[in-house]
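S.K.: Let me give you the structure first, and then I'll get to my questions.
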Amino acid sequence: MALIAAGADHAGVQLKDVLVAHLRELGHDVVDCGTHGLDRVDYPDFGEAVARKVAAGEAELGLCVCGTGIGIAIAANKVPGVRAATVHDVTSARLTREHNDANVICLGERLVGPELAKESLEAFLEATFEEGRHVARVAKIDALLPNESAQ
Ligand code: RB5
C-alpha cells in the first residue's frame, strides 16, 4: 500500500474525488490537497501542492487531475524530482512507471471516463520501474536544469 498525494482543479475535482475514494477502498492512504468544490481555481496551485508532497517524501506517489491532465502535469513537472505523466490509457499508465519512473500520474476528467481512470491508476500503482537501460535516461531528465531556456 502506498501514501498518495492527490490534487485537482475545478475541472478535475469530480474525477479526483472518485479516484481518492477508490484508492482508499483499495487500502491506500491519501493526502487530499484539494480542491474540494466546483468553484474555479487555478490548476498550477494543485499541481504544485501534489508535486511538493512527492518531492519532499511526504507522499510516495502523486495523482493530479484537471480538465485534460496536461496543464496540471506541466505545473507539477516544474518541481525538481517530480516526473509527472499525463495518460489516457492503461498501457501508458503502466509504461510511464516502468520506463520513465514517473511518480505522478495525471488524468483529464474531460477526456477519460471514471472506469478507465481507475484501471489506469491501478496499472500505474502496480507497475514498478524496470531500471536497467532506463536508469541513465531518467538521470538525464533529472539533471536538466529547470527553465534553462529562460536563463
Ligand atoms: C480549466 O478550464 C482547464 O483549462 C484545466 O482544467 C486544464 O484542462 C488545463 O490544462
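Each chain of the C-alpha cells is named A, B, ... in the order shown, its residues numbered from 1; ligands are numbered from 1 in display order.
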Sorted by chain and rising residue number, which residues of segment 74-104 of chain A lie within 7 Å of segment 43-54 of chain A, and what are their closest atom pairs and distances in Å to one decimal, counting only C-alpha atoms, as a Markdown table?

M.R.:
| residue | atom | partner | partner_atom | distance |
| --- | --- | --- | --- | --- |
| A:Ala75 | CA | A:Pro44 | CA | 5.1 |
| A:Ala76 | CA | A:Gly47 | CA | 4.6 |
| A:Val79 | CA | A:Ala51 | CA | 6.2 |
| A:Val82 | CA | A:Ala51 | CA | 6.3 |

S.K.: Any chance you could export the current selection's N, CA and C atoms as an mmCIF file, in the first residue's frame?

M.R.:
data_model
loop_
_atom_site.group_PDB
_atom_site.id
_atom_site.type_symbol
_atom_site.label_atom_id
_atom_site.label_comp_id
_atom_site.auth_asym_id
_atom_site.auth_seq_id
_atom_site.Cartn_x
_atom_site.Cartn_y
_atom_site.Cartn_z
ATOM 1 N N ALA A 75 2.662 21.926 -14.655
ATOM 2 C CA ALA A 75 2.981 22.598 -13.393
ATOM 3 C C ALA A 75 3.753 21.667 -12.456
ATOM 4 N N ALA A 76 3.293 20.447 -12.289
ATOM 5 C CA ALA A 76 3.945 19.506 -11.365
ATOM 6 C C ALA A 76 5.381 19.230 -11.782
ATOM 7 N N VAL A 79 8.622 21.088 -10.434
ATOM 8 C CA VAL A 79 9.217 20.808 -9.123
ATOM 9 C C VAL A 79 10.297 19.740 -9.296
ATOM 10 N N VAL A 82 10.267 15.574 -9.545
ATOM 11 C CA VAL A 82 8.947 15.073 -9.942
ATOM 12 C C VAL A 82 8.954 14.737 -11.425
#

S.K.: Could you give me, as a list of chain:residue names, every polymer residue with an atom at most 10 Å away from an atom of ligand 1, counting only C-alpha atoms and all ligand atoms?

M.R.: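 So, counting only C-alpha atoms and all ligand atoms, the residues near ligand 1 are A:Ala8, A:Asp9, A:His10, A:Ala11, A:Gly12, A:Val13, A:Arg40, A:Val41, A:Asp42, A:Tyr43, A:Pro44, A:Val65, A:Cys66, A:Gly67, A:Thr68, A:Gly69, A:Ile70, A:Gly71, A:Ile72, A:Ala73, A:Ile74, A:Ala75, A:Leu107, A:Gly108, A:Glu109, A:Arg110, A:Leu111.
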
S.K.: Just want the 8 Å neighbourhood of segment 115-118 of chain A, counted on only C-alpha atoms, with same-chain residues fewer than 2 positions away dropped. Output as an MDAnalysis selection string.

M.R.: chainID A and resid 19 22 88:90 107 112:113 120:122

S.K.: Next, dump the selected residues to file, keeping only N, CA, C and O atoms, as a short mmCIF file (atom, residue, chain, number, x, y, z; two decimals), in the first residue's frame.

M.R.:
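The result, written out as selection_27.cif:
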data_model
loop_
_atom_site.label_atom_id
_atom_site.label_comp_id
_atom_site.auth_asym_id
_atom_site.auth_seq_id
_atom_site.Cartn_x
_atom_site.Cartn_y
_atom_site.Cartn_z
N LEU A 19 -11.47 8.93 -7.61
CA LEU A 19 -10.22 8.17 -7.54
C LEU A 19 -9.68 8.11 -6.10
O LEU A 19 -9.12 7.10 -5.69
N HIS A 22 -11.62 5.50 -4.44
CA HIS A 22 -11.19 4.19 -4.94
C HIS A 22 -9.87 3.78 -4.29
O HIS A 22 -9.71 2.63 -3.87
N HIS A 88 -3.80 8.51 -20.88
CA HIS A 88 -5.20 8.36 -21.31
C HIS A 88 -5.60 6.89 -21.43
O HIS A 88 -6.68 6.58 -21.90
N ASP A 89 -4.70 6.00 -21.04
CA ASP A 89 -4.97 4.57 -21.21
C ASP A 89 -4.12 3.77 -20.24
O ASP A 89 -3.14 4.27 -19.67
N VAL A 90 -4.50 2.51 -20.08
CA VAL A 90 -3.85 1.62 -19.10
C VAL A 90 -2.39 1.35 -19.48
O VAL A 90 -1.50 1.34 -18.62
N LEU A 107 -4.41 12.80 -15.04
CA LEU A 107 -5.56 12.37 -15.84
C LEU A 107 -6.46 13.55 -16.14
O LEU A 107 -6.54 14.50 -15.35
N VAL A 112 -11.19 11.31 -20.04
CA VAL A 112 -11.10 9.91 -19.62
C VAL A 112 -12.25 9.62 -18.65
O VAL A 112 -12.43 10.33 -17.66
N GLY A 113 -13.00 8.57 -18.91
CA GLY A 113 -14.10 8.18 -18.04
C GLY A 113 -13.60 7.58 -16.74
O GLY A 113 -12.45 7.13 -16.65
N SER A 120 -6.43 2.72 -15.12
CA SER A 120 -5.13 3.31 -15.42
C SER A 120 -4.37 3.58 -14.12
O SER A 120 -3.16 3.33 -14.04
N LEU A 121 -5.07 4.11 -13.14
CA LEU A 121 -4.43 4.39 -11.85
C LEU A 121 -3.93 3.10 -11.21
O LEU A 121 -2.82 3.04 -10.67
N GLU A 122 -4.73 2.05 -11.26
CA GLU A 122 -4.30 0.77 -10.69
C GLU A 122 -3.07 0.23 -11.42
O GLU A 122 -2.14 -0.29 -10.80
#

S.K.: Could you pull out all residues of segment 57-134 of chain A with a DSSP call of strand (DSSP E) and give them as a PyMOL selection string?

M.R.: chain A and resi 61-66+84-86+104-108

S.K.: Taking into account only C-alpha atoms, which residue in the set A:Asn103, A:Ala59, A:Leu125, A:His36 is nearest to Leu23 of chain A?

M.R.: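 Nearest to Leu23 of chain A: A:Leu125.
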
S.K.: A:Glu130, A:Leu95, A:Asp101, A:Asp142: which is nearest Gly81 of chain A, counting only C-alpha atoms?

M.R.: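 For Gly81 of chain A, the nearest of the candidates is A:Asp142.
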
S.K.: Go through chain A and collect every residue that DSSP, computed from the backbone, puts in helix (DSSP H, G or I); the answer should be as a VMD selection string.

M.R.: chain A and resid 13 to 25 43 to 55 71 to 76 90 to 98 114 to 126 134 to 143 148 to 150

S.K.: Using only C-alpha atoms for the distances, tell me which of A:Gly57, A:Gly27, A:Gly7, A:Gly34 is nearest to Cys106 of chain A.

M.R.: A:Gly7

S.K.: Mind checking which residues fall within 10 Å of Glu60 of chain A, counting only C-alpha atoms, ignoring those fewer than 4 positions away in the same chain, and posting them as a PyMOL selection string?

M.R.: chain A and resi 2-5+53-56+103-104

S.K.: I'd like the contact shell of Arg94 of chain A - 8 Å cut-off, only C-alpha atoms, skipping same-chain residues fewer than 5 positions apart - returned as number ranges by chain.

M.R.: A: 120, 123-124, 126-127

S.K.: What is the atom CA of Asp32 of chain A-atom CA of Gln14 of chain A distance in Å, reported with one decimal?

M.R.: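 One can read the atom CA of Asp32 of chain A to atom CA of Gln14 of chain A distance as 12.8 Å.
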
S.K.: My list of candidates is A:Arg83, A:Gly37, A:Glu98, A:Ala21. Which is closest to Ala139 of chain A when distances are computed with only C-alpha atoms?

M.R.: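 Comparing A:Arg83, A:Gly37, A:Glu98, A:Ala21 against Ala139 of chain A, the winner is A:Arg83.
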